[in-house]
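Source file: input-v3.txt. Holds: compact mmCIF, C-alpha atoms.
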# COMPACT_ATOMS: atom_id res chain seq x y z
CA MET A 1 0.91 5.11 -34.26
CA LYS A 2 3.97 3.13 -33.16
CA CYS A 3 4.28 1.63 -29.68
CA PRO A 4 6.75 3.76 -27.66
CA LEU A 5 8.30 0.62 -26.17
CA CYS A 6 8.78 -1.91 -28.99
CA HIS A 7 7.86 0.31 -31.97
CA SER A 8 5.25 -2.11 -33.29
CA GLU A 9 1.97 -0.86 -34.73
CA SER A 10 -0.88 -0.04 -32.36
CA LYS A 11 -4.62 0.53 -32.51
CA PRO A 12 -7.06 2.78 -30.59
CA VAL A 13 -8.89 0.93 -27.81
CA PHE A 14 -10.80 3.54 -25.77
CA ASN A 15 -10.81 7.12 -24.50
CA THR A 16 -10.87 8.43 -20.94
CA GLN A 17 -11.33 11.93 -19.58
CA TYR A 18 -7.62 12.62 -20.06
CA ALA A 19 -6.36 10.08 -22.58
CA GLN A 20 -6.83 8.63 -26.02
CA VAL A 21 -5.57 5.11 -25.34
CA ASN A 22 -3.87 2.97 -27.96
CA GLN A 23 -2.65 -0.59 -27.49
CA CYS A 24 0.39 -2.22 -29.07
CA LEU A 25 -0.46 -5.05 -31.50
CA ASN A 26 2.69 -7.02 -30.61
CA SER A 27 1.43 -9.99 -28.58
CA SER A 28 4.57 -10.05 -26.41
CA CYS A 29 4.14 -6.37 -25.48
CA LYS A 30 0.48 -5.19 -25.74
CA HIS A 31 1.41 -1.91 -24.07
CA LYS A 32 -1.27 0.76 -23.64
CA PHE A 33 -0.27 4.40 -24.00
CA ASN A 34 -1.73 7.88 -24.27
CA THR A 35 -1.76 9.36 -27.77
CA GLU A 36 -3.13 12.69 -26.53
CA SER A 37 -0.69 15.59 -26.80
CA LEU A 38 -0.34 17.00 -23.27
CA PRO A 39 0.82 20.63 -22.75
CA ARG A 40 3.40 19.64 -20.11
CA GLY A 41 4.08 16.12 -21.31
CA GLY A 42 3.95 13.87 -18.25
CA VAL A 43 5.40 16.51 -15.89
CA MET A 44 3.32 17.45 -12.86
CA ASP A 45 3.10 20.89 -11.28
CA TYR A 46 3.61 21.40 -7.54
CA SER A 47 2.53 24.12 -5.15
CA GLY A 48 3.86 22.83 -1.83
CA ALA A 49 0.32 22.74 -0.48
CA ASP A 50 -0.20 18.98 -0.79
CA ASP A 51 -0.13 17.00 2.45
CA PHE A 52 2.23 14.04 2.10
CA SER A 53 2.22 13.21 5.82
CA ILE A 54 0.17 10.05 5.18
CA TYR A 55 3.19 8.68 3.28
CA ARG A 56 5.63 9.15 6.15
CA GLN A 57 4.95 5.77 7.76
CA ARG A 58 4.91 4.07 4.35
CA ASN A 59 8.29 5.58 3.54
CA LEU A 60 9.74 4.35 6.83
CA GLU A 61 8.36 0.87 6.18
CA MET A 62 9.97 0.99 2.73
CA ILE A 63 13.38 1.77 4.19
CA ASP A 64 13.06 -0.96 6.83
CA TYR A 65 12.02 -3.48 4.18
CA LEU A 66 14.93 -2.57 1.90
CA LEU A 67 17.38 -2.89 4.80
CA THR A 68 15.91 -6.20 5.97
CA GLN A 69 16.02 -7.69 2.46
CA GLY A 70 19.62 -6.59 1.95
CA TYR A 71 18.75 -4.23 -0.91
CA LEU A 72 20.08 -1.31 1.10
CA ASN A 73 22.75 -0.62 3.69
CA THR A 74 23.41 2.43 5.81
CA GLN A 75 26.30 3.55 3.57
CA ALA A 76 24.25 3.37 0.37
CA LYS A 77 23.96 6.21 -2.12
CA VAL A 78 20.30 6.67 -3.09
CA LEU A 79 18.80 8.40 -6.12
CA ASP A 80 15.11 9.37 -6.00
CA LEU A 81 14.35 9.67 -9.72
CA GLY A 82 11.17 11.65 -10.35
CA CYS A 83 10.93 12.63 -6.70
CA GLY A 84 8.25 15.33 -6.93
CA GLU A 85 8.31 17.46 -3.78
CA GLY A 86 10.73 15.01 -2.19
CA HIS A 87 8.73 13.42 0.63
CA ILE A 88 10.42 10.05 0.02
CA ALA A 89 13.89 11.59 -0.35
CA GLN A 90 13.30 13.59 2.83
CA THR A 91 12.55 10.41 4.77
CA PHE A 92 15.76 8.81 3.50
CA SER A 93 17.68 11.97 4.38
CA ASP A 94 16.16 11.98 7.88
CA ARG A 95 17.47 8.42 8.27
CA LYS A 96 20.96 9.73 7.37
CA PHE A 97 21.20 8.25 3.88
CA ASP A 98 23.16 10.00 1.14
CA VAL A 99 20.26 10.90 -1.16
CA THR A 100 20.13 12.75 -4.48
CA CYS A 101 16.95 13.87 -6.25
CA VAL A 102 16.06 14.15 -9.93
CA GLU A 103 12.94 16.11 -10.84
CA LEU A 104 12.06 17.79 -14.14
CA SER A 105 9.37 20.04 -12.63
CA SER A 106 10.82 23.48 -11.86
CA SER A 107 8.11 24.14 -9.26
CA ALA A 108 9.05 20.93 -7.44
CA ARG A 109 12.78 21.76 -7.54
CA LYS A 110 12.10 25.06 -5.73
CA ILE A 111 10.54 23.01 -2.92
CA LEU A 112 13.50 20.61 -2.95
CA ASP A 113 15.86 23.58 -2.62
CA GLN A 114 13.85 24.82 0.36
CA ARG A 115 14.19 21.39 1.95
CA GLY A 116 17.94 21.40 1.39
CA LEU A 117 17.82 18.30 -0.83
CA VAL A 118 20.46 17.94 -3.54
CA ASN A 119 18.60 17.92 -6.84
CA TYR A 120 19.03 17.97 -10.62
CA PRO A 121 16.56 18.35 -13.51
CA THR A 122 17.68 15.11 -15.21
CA THR A 123 19.96 12.15 -14.52
CA GLN A 124 22.33 13.39 -17.22
CA ASP A 125 22.93 16.55 -15.15
CA ILE A 126 24.44 14.53 -12.28
CA PRO A 127 28.27 14.43 -12.37
CA PRO A 128 29.18 11.42 -14.54
CA ASP A 129 31.38 9.71 -11.94
CA ILE A 130 28.59 9.34 -9.37
CA ARG A 131 26.97 5.90 -9.07
CA PHE A 132 24.06 4.78 -6.91
CA ASP A 133 23.34 1.64 -4.91
CA LEU A 134 19.59 2.21 -5.04
CA ILE A 135 17.49 4.14 -7.56
CA LEU A 136 13.86 4.78 -6.67
CA MET A 137 11.25 5.21 -9.41
CA ILE A 138 8.10 5.40 -7.29
CA GLU A 139 5.01 6.17 -9.41
CA VAL A 140 7.25 7.71 -12.09
CA ILE A 141 7.57 5.46 -15.13
CA GLU A 142 3.99 6.12 -16.23
CA HIS A 143 4.85 9.86 -16.58
CA LEU A 144 7.92 9.46 -18.80
CA LYS A 145 7.93 10.29 -22.50
CA SER A 146 10.56 7.60 -23.07
CA PRO A 147 10.58 4.99 -20.27
CA VAL A 148 13.13 2.82 -22.08
CA SER A 149 15.64 5.66 -22.47
CA VAL A 150 15.28 6.71 -18.83
CA LEU A 151 15.73 3.13 -17.63
CA LYS A 152 18.85 2.74 -19.78
CA GLU A 153 20.32 5.92 -18.31
CA ALA A 154 19.39 4.82 -14.79
CA LYS A 155 21.03 1.42 -15.36
CA SER A 156 24.25 3.16 -16.40
CA ARG A 157 24.25 5.00 -13.04
CA LEU A 158 24.03 1.88 -10.87
CA THR A 159 26.89 0.39 -8.92
CA ASP A 160 27.81 -3.20 -9.85
CA LYS A 161 25.29 -4.60 -7.37
CA GLY A 162 22.85 -1.69 -7.54
CA ILE A 163 19.09 -2.08 -7.89
CA ILE A 164 16.18 -0.02 -9.19
CA PHE A 165 12.84 -0.08 -7.37
CA VAL A 166 9.92 0.61 -9.73
CA THR A 167 6.25 1.02 -8.86
CA THR A 168 3.34 1.99 -11.10
CA PRO A 169 -0.45 1.59 -11.19
CA CYS A 170 -1.52 -1.61 -12.95
CA ALA A 171 -3.62 -0.87 -16.02
CA ASP A 172 -4.61 -4.53 -16.24
CA GLY A 173 -5.82 -5.03 -12.67
CA LEU A 174 -9.37 -6.02 -11.78
CA LYS A 175 -10.60 -2.46 -11.24
CA ALA A 176 -8.90 -1.25 -14.44
CA ARG A 177 -10.57 -4.07 -16.39
CA LEU A 178 -14.04 -3.49 -14.94
CA PHE A 179 -13.95 0.30 -14.61
CA PRO A 180 -10.95 1.58 -16.60
CA LYS A 181 -11.98 5.21 -16.48
CA LYS A 182 -12.14 5.09 -12.65
CA SER A 183 -8.92 3.20 -12.01
CA GLU A 184 -5.72 4.76 -10.65
CA ALA A 185 -3.92 4.15 -13.93
CA TYR A 186 -6.27 6.34 -15.96
CA GLN A 187 -7.38 9.00 -13.44
CA GLU A 188 -4.21 11.12 -13.46
CA PRO A 189 -4.09 13.58 -16.40
CA THR A 190 -0.27 13.45 -16.66
CA HIS A 191 -0.03 9.68 -17.19
CA LEU A 192 1.44 8.84 -20.59
CA HIS A 193 1.67 5.06 -20.11
CA PHE A 194 -0.66 2.41 -18.75
CA PHE A 195 1.40 -0.63 -17.83
CA SER A 196 0.42 -4.25 -17.37
CA SER A 197 2.88 -6.80 -15.97
CA LYS A 198 3.46 -8.01 -19.56
CA SER A 199 4.20 -4.58 -21.01
CA LEU A 200 6.35 -3.58 -18.03
CA ASN A 201 8.39 -6.77 -18.36
CA SER A 202 8.83 -5.95 -22.05
CA CYS A 203 9.95 -2.42 -21.16
CA PHE A 204 12.59 -3.74 -18.75
CA GLN A 205 13.94 -6.22 -21.29
CA ILE A 206 14.14 -3.63 -24.07
CA ALA A 207 16.02 -1.35 -21.65
CA GLY A 208 18.63 -4.06 -21.14
CA PHE A 209 17.57 -5.67 -17.84
CA SER A 210 17.80 -9.46 -17.79
CA GLU A 211 17.16 -9.85 -14.07
CA PHE A 212 14.10 -8.37 -12.39
CA GLN A 213 11.49 -9.62 -9.96
CA ARG A 214 7.97 -8.63 -9.05
CA PHE A 215 6.86 -8.61 -5.40
CA TYR A 216 3.66 -8.03 -3.49
CA LEU A 217 4.36 -5.25 -0.97
CA PRO A 218 1.38 -4.57 1.33
CA TRP A 219 2.74 -1.22 2.53
CA ILE A 220 3.15 0.42 -0.89
CA ILE A 221 -0.28 2.12 -0.72
CA PRO A 222 -0.72 3.84 2.68
CA ASN A 223 -3.75 3.64 4.95
CA ARG A 224 -5.39 0.63 3.34
CA SER A 225 -7.57 -1.51 5.56
CA PRO A 226 -6.56 -5.11 6.36
CA VAL A 227 -9.47 -6.30 4.21
CA LEU A 228 -8.25 -4.38 1.16
CA LYS A 229 -4.69 -5.59 1.72
CA THR A 230 -5.90 -9.20 1.87
CA LEU A 231 -7.99 -8.75 -1.29
CA ASP A 232 -5.10 -7.12 -3.14
CA LYS A 233 -2.77 -9.96 -2.15
CA LEU A 234 -5.23 -12.51 -3.52
CA LEU A 235 -5.54 -10.53 -6.75
CA TYR A 236 -1.73 -10.36 -6.96
CA GLY A 237 -1.67 -14.14 -7.16
CA ILE A 238 -3.70 -14.01 -10.38
CA ASP A 239 -2.08 -10.83 -11.76
CA LEU A 240 -5.10 -8.62 -11.12
CA ASN A 241 -3.97 -6.41 -8.24
CA SER A 242 -3.89 -2.62 -8.33
CA HIS A 243 -0.14 -1.93 -8.42
CA LEU A 244 3.01 -3.27 -10.05
CA THR A 245 6.10 -3.34 -7.84
CA TYR A 246 9.45 -4.55 -9.21
CA PHE A 247 13.11 -4.73 -8.29
CA LEU A 248 15.55 -4.49 -11.22
CA PHE A 249 19.05 -5.85 -10.69
CA ASN A 250 22.22 -4.68 -12.42
CA SER A 251 23.64 -7.82 -13.96
So that I can check it, write out the structure of this file as structure tokens.
Amino acid sequence: MKCPLCHSESKPVFNTQYAQVNQCLNSSCKHKFNTESLPRGGVMDYSGADDFSIYRQRNLEMIDYLLTQGYLNTQAKVLDLGCGEGHIAQTFSDRKFDVTCVELSSSARKILDQRGLVNYPTTQDIPPDIRFDLILMIEVIEHLKSPVSVLKEAKSRLTDKGIIFVTTPCADGLKARLFPKKSEAYQEPTHLHFFSSKSLNSCFQIAGFSEFQRFYLPWIIPNRSPVLKTLDKLLYGIDLNSHLTYFLFNS
């Protein structure tokens, strides 16, 4: 089976409860992906019963960080791409940002409608003249059938100085290496892709991004103890931490 990123040949490496995992044989990519045919692809279903309140403080910290770093200003247009039930978009809206949502799940869009959040099934459904200063892809890219195509479309919707913020579980972190079947990357049944820093960099480059940067962001996973944050920061220094967090710049 061909790698969905670079289209090189791949080979089976292992199975988990939810995935038959292949790895790309291209040494500059080495992407891992799910070859299992999933009934709903990578789309999640939503009931409105999940409690996202633990993310509220994280979302506020995210906004403050983006403002402090100059990645965001109070007049910015924000797109939450793959927003789920919209807890992140809601926080941006509460802070008076102009926010638009994209979510393929019909059950999630009903919840977005109830929240009064502007939403579309895909980026292509958004009026073509609208551009965004910030596009969020928080825990989304691992669910996409074609990450490269979605990134290309997202890039075309950025303003000249717009950025994309991408986060995803790291499939090459310490826990994923020692206990792959118990790591965050492989535990979710709707994950189609299992990114390492190498394969994610490859994905960005194939999608046309020449400028992107990885950061360690201690607030990205809520309610972690100071000890776990310190450990994760140390692991980040040797490319073994639990999450990948990147800013992509339109250049």
What are the closest atom pairs, with distances in Å to one decimal, for all residues of range 126-217 of chain A lying within 6 Å of range 231-251 of chain A? Consider all atoms listed in the file, order rows by chain and residue number, and present the result as CSV.
residue,atom,partner,partner_atom,distance
A:Lys161,CA,A:Asn250,CA,5.9
A:Gly162,CA,A:Asn250,CA,5.8
A:Ile163,CA,A:Phe249,CA,4.7
A:Ile164,CA,A:Leu248,CA,4.9
A:Phe165,CA,A:Phe247,CA,4.7
A:Val166,CA,A:Tyr246,CA,5.2
A:Thr167,CA,A:Thr245,CA,4.5
A:Thr168,CA,A:Leu244,CA,5.4
A:Pro169,CA,A:His243,CA,4.5
A:Cys170,CA,A:His243,CA,4.7
A:Gly173,CA,A:Leu240,CA,4.0
A:Leu174,CA,A:Leu240,CA,5.0
A:Glu211,CA,A:Phe249,CA,5.6
A:Phe212,CA,A:Leu248,CA,4.3
A:Gln213,CA,A:Phe247,CA,5.4
A:Arg214,CA,A:Tyr246,CA,4.3
A:Phe215,CA,A:Thr245,CA,5.9
> Taking into account only C-alpha atoms, which residue in the set A:Ile135, A:Ala89, A:Leu228, A:Ala171 is nearest to Ala185 in chain A?
Replying inline: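 With only C-alpha atoms as the atom set, the closest residue is A:Ala171.
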>> Give me, as a ChimeraX atom specification, all polymer residues having an atom no more than 10 Å from Asp80 in chain A, counting only C-alpha atoms and skipping those fewer than 2 positions away in the same chain.
In response: /A:78,82-84,86,88-90,92,99-103,119,134-138,164-165
> Which residue gives the smallest distance to Met62 in chain A among A:Leu5, A:Pro222, A:Asp125, A:Ser107, with only C-alpha atoms counted?
Replying inline: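 For Met62 in chain A, the nearest of the given residues is A:Pro222.
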> Quick one, how far is CA of Pro4 in chain A from CA of Ser196 in chain A?
Replying inline: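 Interatomic distance, CA of Pro4 in chain A to CA of Ser196 in chain A: 14.5 Å.
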> Which residue gives the smallest distance to Asp51 in chain A among A:His87, A:Gln75, A:Lys181, A:Ser8, with all atoms listed in the file counted?
Replying inline: A:His87
>> I need the residue nearest Lys2 in chain A from this list: A:Val140, A:Leu200, A:Ala19, A:Leu25. Use only C-alpha atoms for the distance.
In response: A:Leu25
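CA of Gly70 in chain A sits 21.3 Å away from CA of Ser156 in chain A.
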